[in-house]
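Okay, structure first, notes after.
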2 protein chains.
Amino acid sequence: MLKVVICVSGGGTNLQAILDAKSEGRLPDVELAGVISNNRTAYALERAGAAGIPALCISPGDFGDREAFHRAFLEAMQRMEPDLIVLAGFLVSIPAAMVKAFRNRIINVHPSLIPSFCGVGYYGLRVHEKALERGVKITGATIHFVDEGMDTGTIIAQKAVEVLEQDTPKALQRRVMEEAEWILLPAVIRDIAEGKIKIGEETI
Amino acid sequence: MLKVVICVSGGGTNLQAILDAKSEGRLPDVELAGVISNNRTAYALERAGAAGIPALCISPGDFGDREAFHRAFLEAMQRMEPDLIVLAGFLVSIPAAMVKAFRNRIINVHPSLIPSFCGVGYYGLRVHEKALERGVKITGATIHFVDEGMDTGTIIAQKAVEVLEQDTPKALQRRVMEEAEWILLPAVIRDIAEGKIKIGEETI
């Protein structure tokens, strides 16, 4: 079984896509071992509770400084002993020590076709605002491994989504979720669980 | 009739896609008025000749300096009085005076999904090398209006193309042409001829 911990900051619709895939039998080799949020009021924590998955809040506000928060976050993660960490709308940048401790075992969902609209300052709704500002006709979502850079890790999967003339950032965000993120994310987790995803010669 | 002049530097496969569309009756409102190349040995010039379209070479080497070349290029273009200029694999950057003289009447084909893999240093095969280096799973092609910047003009159309695991830059270049460029380019020219493509409130 692939032991998976999911990190979420907000509503947790990507988490829900994973929970649905699990309950529908599409993730037979996956154990959803925990959900961590940096945000005490994240609805994602309720979704985790409802699904009977251990949920934990580690809030930066509860620690004296960033270092202490990072240390607590890493220690909590190490206690959970995940095989895979999934950042599913997690708005905290991952400390280098955690990247190192879980090299090629952290994946992230980015709501564009990387390298378009990624890097510093591109997160959440902002990504879709920028895509509409540039007037692209095609956008999408990317699942990638997390390394020390910002959206610079190895790309695992991408799916294109057409931009419609009447799209607002919110409408586009919703369609990218429905047509790409919620489809790609459970599929990638399953592929990792089945040993199908390789980095170079290495199967994680 | 929309009077179209096509600028090409090399083999002219995009030009051929336009010639084919014309001869198959898919561009009824388009007059192919001329082909200009900066390269005397461009096979595109032969394609134009074979199709009975006036073909012209304006080579930078025939002029004392860049300014004189730019002036001759602009003057030749103005004599042809095009409604639309199509850059179809044209490796000369368009002088600002020509952009100004033909504002919103010059379109370019770029072999990626802009803003990925565009800007200075991204042209021809290099674009596909960079896409494979980054490991994207989806690339494509873009048709955009030409402004004073490098690949910064308004996007008219984009089409996604899947990257295959065994792709080389050459194989990927070929598939992006076949699956995107050769389809988009005649379709966009047709839409412009039919007044369907607008910039802001303006129909060109």
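If you're wondering about the labels, chains in the structure tokens are A, B, ... by order shown, residues count from 1 in each chain, ligands from 1 in order shown.
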
* Dump as a VMD selection string the residues of chain A that approach chain B to within 10 Å, counting only C-alpha atoms. => chain A and resid 113 to 117 131 134 to 140 142 152 to 162

The selected residues should be written to file as a tab-separated table (two decimals), in the first residue's frame (atoms: N, CA and C atoms).
```
chain	number	residue	atom	x	y	z
A	113	LEU	N	-0.62	25.09	-17.63
A	113	LEU	CA	0.33	24.23	-18.33
A	113	LEU	C	1.72	24.80	-18.12
A	114	ILE	N	2.41	24.35	-17.09
A	114	ILE	CA	3.79	24.77	-16.83
A	114	ILE	C	4.63	24.55	-18.08
A	115	PRO	N	5.50	25.50	-18.53
A	115	PRO	CA	5.96	26.67	-17.79
A	115	PRO	C	5.13	27.95	-17.98
A	116	SER	N	3.95	27.88	-18.56
A	116	SER	CA	3.10	29.08	-18.60
A	116	SER	C	2.53	29.36	-17.21
A	117	PHE	N	2.52	30.61	-16.84
A	117	PHE	CA	1.82	31.07	-15.63
A	117	PHE	C	2.21	30.29	-14.39
A	131	ALA	N	-3.78	34.22	-17.11
A	131	ALA	CA	-4.05	33.51	-18.38
A	131	ALA	C	-5.07	34.30	-19.21
A	134	ARG	N	-3.49	37.49	-20.64
A	134	ARG	CA	-2.64	37.23	-21.81
A	134	ARG	C	-3.46	36.79	-23.02
A	135	GLY	N	-4.70	36.38	-22.75
A	135	GLY	CA	-5.58	35.99	-23.85
A	135	GLY	C	-5.27	34.64	-24.45
A	136	VAL	N	-4.77	33.70	-23.63
A	136	VAL	CA	-4.51	32.37	-24.17
A	136	VAL	C	-5.82	31.67	-24.50
A	137	LYS	N	-5.76	30.78	-25.46
A	137	LYS	CA	-6.95	30.03	-25.89
A	137	LYS	C	-6.96	28.65	-25.26
A	138	ILE	N	-5.79	28.23	-24.77
A	138	ILE	CA	-5.67	26.92	-24.14
A	138	ILE	C	-4.88	27.08	-22.84
A	139	THR	N	-5.42	26.53	-21.76
A	139	THR	CA	-4.68	26.46	-20.51
A	139	THR	C	-4.80	25.02	-20.01
A	140	GLY	N	-4.70	24.78	-18.72
A	140	GLY	CA	-4.80	23.41	-18.26
A	140	GLY	C	-4.25	23.27	-16.86
A	142	THR	N	-1.19	20.98	-14.34
A	142	THR	CA	0.06	20.21	-14.31
A	142	THR	C	0.21	19.53	-12.95
A	152	THR	N	9.38	24.17	-10.49
A	152	THR	CA	10.47	23.79	-11.39
A	152	THR	C	10.71	22.28	-11.44
A	153	GLY	N	9.99	21.53	-10.63
A	153	GLY	CA	10.23	20.08	-10.56
A	153	GLY	C	9.76	19.34	-11.81
A	154	THR	N	10.16	18.09	-11.89
A	154	THR	CA	9.80	17.23	-13.02
A	154	THR	C	8.28	17.16	-13.20
A	155	ILE	N	7.86	17.34	-14.44
A	155	ILE	CA	6.43	17.29	-14.76
A	155	ILE	C	6.01	15.83	-14.90
A	156	ILE	N	4.91	15.47	-14.23
A	156	ILE	CA	4.40	14.10	-14.29
A	156	ILE	C	3.26	13.98	-15.29
A	157	ALA	N	2.34	14.94	-15.25
A	157	ALA	CA	1.18	14.87	-16.13
A	157	ALA	C	0.63	16.26	-16.39
A	158	GLN	N	0.08	16.45	-17.58
A	158	GLN	CA	-0.57	17.72	-17.92
A	158	GLN	C	-1.84	17.41	-18.71
A	159	LYS	N	-2.81	18.30	-18.59
A	159	LYS	CA	-4.06	18.16	-19.36
A	159	LYS	C	-4.48	19.55	-19.82
A	160	ALA	N	-4.81	19.65	-21.09
A	160	ALA	CA	-5.20	20.94	-21.66
A	160	ALA	C	-6.69	21.20	-21.44
A	161	VAL	N	-7.03	22.47	-21.25
A	161	VAL	CA	-8.42	22.90	-21.10
A	161	VAL	C	-8.61	24.14	-21.99
A	162	GLU	N	-9.69	24.14	-22.76
A	162	GLU	CA	-9.95	25.26	-23.65
A	162	GLU	C	-10.46	26.46	-22.84
```

* All residues 12 Å or closer to A:Ala51, only C-alpha atoms, same chain fewer than 4 positions away omitted, as a VMD selection string -> chain A and resid 15 to 16 18 to 20 22 to 23 32 to 35 44 to 47 55

Using all heavy atoms, can you write the selected residues to a file as a short mmCIF file (atom, residue, chain, number, x, y, z; two decimals), in the first residue's frame?
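Output (out-v9.cif):
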```cif
data_model
loop_
_atom_site.label_atom_id
_atom_site.label_comp_id
_atom_site.auth_asym_id
_atom_site.auth_seq_id
_atom_site.Cartn_x
_atom_site.Cartn_y
_atom_site.Cartn_z
N LEU A 15 -8.76 17.42 -2.66
CA LEU A 15 -8.82 16.35 -1.65
C LEU A 15 -10.07 15.51 -1.88
O LEU A 15 -10.02 14.27 -1.86
CB LEU A 15 -8.83 16.97 -0.25
CG LEU A 15 -9.14 15.98 0.90
CD1 LEU A 15 -8.07 14.92 1.02
CD2 LEU A 15 -9.30 16.74 2.22
N GLN A 16 -11.19 16.18 -2.13
CA GLN A 16 -12.46 15.47 -2.36
C GLN A 16 -12.35 14.53 -3.56
O GLN A 16 -12.87 13.42 -3.52
CB GLN A 16 -13.60 16.46 -2.54
CG GLN A 16 -14.97 15.81 -2.48
CD GLN A 16 -15.24 15.16 -1.11
OE1 GLN A 16 -15.08 15.82 -0.09
NE2 GLN A 16 -15.61 13.89 -1.09
N ILE A 18 -9.75 13.01 -4.54
CA ILE A 18 -8.98 11.84 -4.09
C ILE A 18 -9.86 10.94 -3.22
O ILE A 18 -9.87 9.71 -3.38
CB ILE A 18 -7.71 12.28 -3.33
CG1 ILE A 18 -6.80 13.12 -4.25
CG2 ILE A 18 -6.97 11.07 -2.79
CD1 ILE A 18 -5.67 13.84 -3.50
N LEU A 19 -10.61 11.56 -2.28
CA LEU A 19 -11.50 10.78 -1.41
C LEU A 19 -12.53 10.00 -2.23
O LEU A 19 -12.80 8.83 -1.98
CB LEU A 19 -12.23 11.71 -0.42
CG LEU A 19 -11.37 12.45 0.60
CD1 LEU A 19 -12.22 13.42 1.42
CD2 LEU A 19 -10.63 11.48 1.51
N ASP A 20 -13.08 10.67 -3.26
CA ASP A 20 -14.07 10.01 -4.13
C ASP A 20 -13.44 8.83 -4.87
O ASP A 20 -14.04 7.76 -4.96
CB ASP A 20 -14.65 11.00 -5.15
CG ASP A 20 -15.53 12.06 -4.48
OD1 ASP A 20 -15.86 11.91 -3.28
OD2 ASP A 20 -15.87 13.06 -5.15
N LYS A 22 -10.96 7.08 -3.97
CA LYS A 22 -10.72 5.99 -3.01
C LYS A 22 -12.02 5.25 -2.72
O LYS A 22 -12.07 4.02 -2.79
CB LYS A 22 -10.13 6.58 -1.71
CG LYS A 22 -9.82 5.56 -0.62
CD LYS A 22 -8.72 4.59 -1.03
CE LYS A 22 -8.61 3.41 -0.07
NZ LYS A 22 -7.71 2.37 -0.60
N SER A 23 -13.10 6.00 -2.43
CA SER A 23 -14.35 5.34 -2.02
C SER A 23 -14.98 4.59 -3.20
O SER A 23 -15.75 3.65 -3.01
CB SER A 23 -15.32 6.34 -1.40
OG SER A 23 -15.84 7.19 -2.40
N LEU A 32 -4.98 6.37 2.44
CA LEU A 32 -5.01 7.81 2.75
C LEU A 32 -4.74 7.95 4.24
O LEU A 32 -5.62 7.74 5.09
CB LEU A 32 -6.35 8.42 2.33
CG LEU A 32 -6.67 8.27 0.83
CD1 LEU A 32 -8.02 8.87 0.49
CD2 LEU A 32 -5.58 8.89 -0.04
N ALA A 33 -3.50 8.30 4.57
CA ALA A 33 -3.03 8.18 5.95
C ALA A 33 -3.22 9.45 6.76
O ALA A 33 -3.17 9.42 7.99
CB ALA A 33 -1.55 7.78 5.95
N GLY A 34 -3.44 10.58 6.09
CA GLY A 34 -3.63 11.81 6.86
C GLY A 34 -3.78 13.04 5.98
O GLY A 34 -3.42 13.03 4.80
N VAL A 35 -4.38 14.07 6.61
CA VAL A 35 -4.51 15.37 5.94
C VAL A 35 -3.92 16.41 6.87
O VAL A 35 -4.20 16.41 8.08
CB VAL A 35 -6.00 15.69 5.64
CG1 VAL A 35 -6.17 17.14 5.19
CG2 VAL A 35 -6.54 14.73 4.59
N ALA A 44 -11.34 21.58 4.15
CA ALA A 44 -10.68 20.31 3.86
C ALA A 44 -10.56 19.44 5.11
O ALA A 44 -10.66 18.21 5.03
CB ALA A 44 -9.30 20.57 3.26
N LEU A 45 -10.37 20.06 6.27
CA LEU A 45 -10.24 19.30 7.52
C LEU A 45 -11.55 18.57 7.84
O LEU A 45 -11.53 17.43 8.32
CB LEU A 45 -9.82 20.22 8.67
CG LEU A 45 -8.41 20.80 8.56
CD1 LEU A 45 -8.15 21.86 9.63
CD2 LEU A 45 -7.36 19.68 8.67
N GLU A 46 -12.67 19.22 7.54
CA GLU A 46 -13.97 18.57 7.76
C GLU A 46 -14.17 17.42 6.79
O GLU A 46 -14.68 16.36 7.16
CB GLU A 46 -15.11 19.59 7.60
CG GLU A 46 -15.11 20.63 8.72
CD GLU A 46 -16.34 21.52 8.69
OE1 GLU A 46 -17.45 21.02 8.41
OE2 GLU A 46 -16.18 22.73 8.93
N ARG A 47 -13.77 17.65 5.54
CA ARG A 47 -13.88 16.56 4.56
C ARG A 47 -13.09 15.34 5.03
O ARG A 47 -13.54 14.20 4.90
CB ARG A 47 -13.32 16.99 3.20
CG ARG A 47 -14.12 18.08 2.51
CD ARG A 47 -13.53 18.28 1.09
NE ARG A 47 -13.90 19.55 0.50
CZ ARG A 47 -14.92 19.74 -0.33
NH1 ARG A 47 -15.70 18.74 -0.65
NH2 ARG A 47 -15.16 20.93 -0.84
N ALA A 55 -6.84 14.09 10.63
CA ALA A 55 -6.62 15.44 10.12
C ALA A 55 -5.92 16.27 11.18
O ALA A 55 -6.20 16.15 12.37
CB ALA A 55 -7.94 16.07 9.74
#
```

* Asked: So which residues touch A:Met80 within 12 Å, counting only C-alpha atoms, skipping near sequence neighbours fewer than 5 positions away, as a count of residues only?
  -> 17

* Got a sec to tell me which of stretch 63-155 of chain A DSSP assigns to alpha helix (DSSP H), as a PyMOL selection string? -> chain A and resi 66-80+96-101+125-134

Atoms to include: C-alpha atoms. Write the selected residues as an mmCIF file, in the first residue's frame.
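Below is the file again_26.cif, written as the result:
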```cif
data_model
loop_
_atom_site.group_PDB
_atom_site.id
_atom_site.type_symbol
_atom_site.label_atom_id
_atom_site.label_comp_id
_atom_site.auth_asym_id
_atom_site.auth_seq_id
_atom_site.Cartn_x
_atom_site.Cartn_y
_atom_site.Cartn_z
ATOM 1 C CA ARG A 66 9.011 30.433 10.478
ATOM 2 C CA GLU A 67 11.836 28.097 11.456
ATOM 3 C CA ALA A 68 9.877 26.628 14.365
ATOM 4 C CA PHE A 69 6.820 26.177 12.129
ATOM 5 C CA HIS A 70 8.901 24.437 9.476
ATOM 6 C CA ARG A 71 10.436 22.152 12.097
ATOM 7 C CA ALA A 72 7.030 21.212 13.536
ATOM 8 C CA PHE A 73 5.640 20.636 10.045
ATOM 9 C CA LEU A 74 8.528 18.348 9.106
ATOM 10 C CA GLU A 75 8.347 16.444 12.397
ATOM 11 C CA ALA A 76 4.594 15.888 12.054
ATOM 12 C CA MET A 77 5.128 14.662 8.521
ATOM 13 C CA GLN A 78 7.933 12.311 9.527
ATOM 14 C CA ARG A 79 5.746 10.815 12.281
ATOM 15 C CA MET A 80 3.134 9.992 9.623
ATOM 16 C CA ALA A 96 14.079 22.777 1.696
ATOM 17 C CA ALA A 97 14.586 20.304 4.561
ATOM 18 C CA MET A 98 11.268 18.663 3.727
ATOM 19 C CA VAL A 99 12.077 18.499 0.010
ATOM 20 C CA LYS A 100 15.321 16.797 0.965
ATOM 21 C CA ALA A 101 13.700 14.393 3.438
ATOM 22 C CA LEU A 125 -7.116 32.469 -8.877
ATOM 23 C CA ARG A 126 -4.179 34.717 -9.864
ATOM 24 C CA VAL A 127 -3.011 32.063 -12.359
ATOM 25 C CA HIS A 128 -6.327 32.218 -14.199
ATOM 26 C CA GLU A 129 -6.428 36.027 -14.089
ATOM 27 C CA LYS A 130 -3.018 36.084 -15.744
ATOM 28 C CA ALA A 131 -4.049 33.513 -18.376
ATOM 29 C CA LEU A 132 -7.115 35.594 -19.282
ATOM 30 C CA GLU A 133 -5.037 38.809 -19.304
ATOM 31 C CA ARG A 134 -2.642 37.228 -21.813
#
```

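One distance worth recording is that between atom CA of A:Ile197 and atom CA of A:Ile107, which is 11.9 Å.
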
* Within 9 Å of A:Tyr123 using only C-alpha atoms, minus same-chain residues under 5 positions, as a PyMOL selection string -> chain A and resi 89+91+110-111+117-118+128

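The residue that comes closest to B:Glu81, out of B:Val163, B:Ile183, B:Leu2, B:Ala171 and on the basis of only C-alpha atoms, is B:Leu2.
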
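Taking atom CA of A:Asp62 as the reference point, atom CA of A:Leu84 is found at 25.9 Å.
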
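Among the candidates B:Ile192, B:Ala187, B:Ser112, B:Ala50, the residue lying nearest to B:Arg175 is B:Ser112 (atoms considered: only C-alpha atoms).
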
Residues near B:Ala42, anyone? I mean within 7 Å using only C-alpha atoms, not counting same-chain ones fewer than 4 positions away, as a PDB file with N, CA, C and O atoms, in the first residue's frame.
```
ATOM      1  N   SER B   9      11.202  31.913 -44.675  1.00  0.00           N
ATOM      2  CA  SER B   9      12.659  31.824 -44.777  1.00  0.00           C
ATOM      3  C   SER B   9      13.160  30.491 -45.300  1.00  0.00           C
ATOM      4  O   SER B   9      14.280  30.405 -45.784  1.00  0.00           O
ATOM      5  N   GLY B  10      12.356  29.441 -45.145  1.00  0.00           N
ATOM      6  CA  GLY B  10      12.903  28.107 -45.421  1.00  0.00           C
ATOM      7  C   GLY B  10      12.073  27.264 -46.358  1.00  0.00           C
ATOM      8  O   GLY B  10      11.621  27.725 -47.399  1.00  0.00           O
ATOM      9  N   GLY B  11      11.829  26.033 -45.934  1.00  0.00           N
ATOM     10  CA  GLY B  11      11.159  25.054 -46.778  1.00  0.00           C
ATOM     11  C   GLY B  11       9.750  25.436 -47.189  1.00  0.00           C
ATOM     12  O   GLY B  11       9.277  25.069 -48.259  1.00  0.00           O
TER      13      GLY B  11
END
```

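In this model, the gap between atom CA of B:Asn39 and atom CA of B:Lys170 comes to 21.9 Å.
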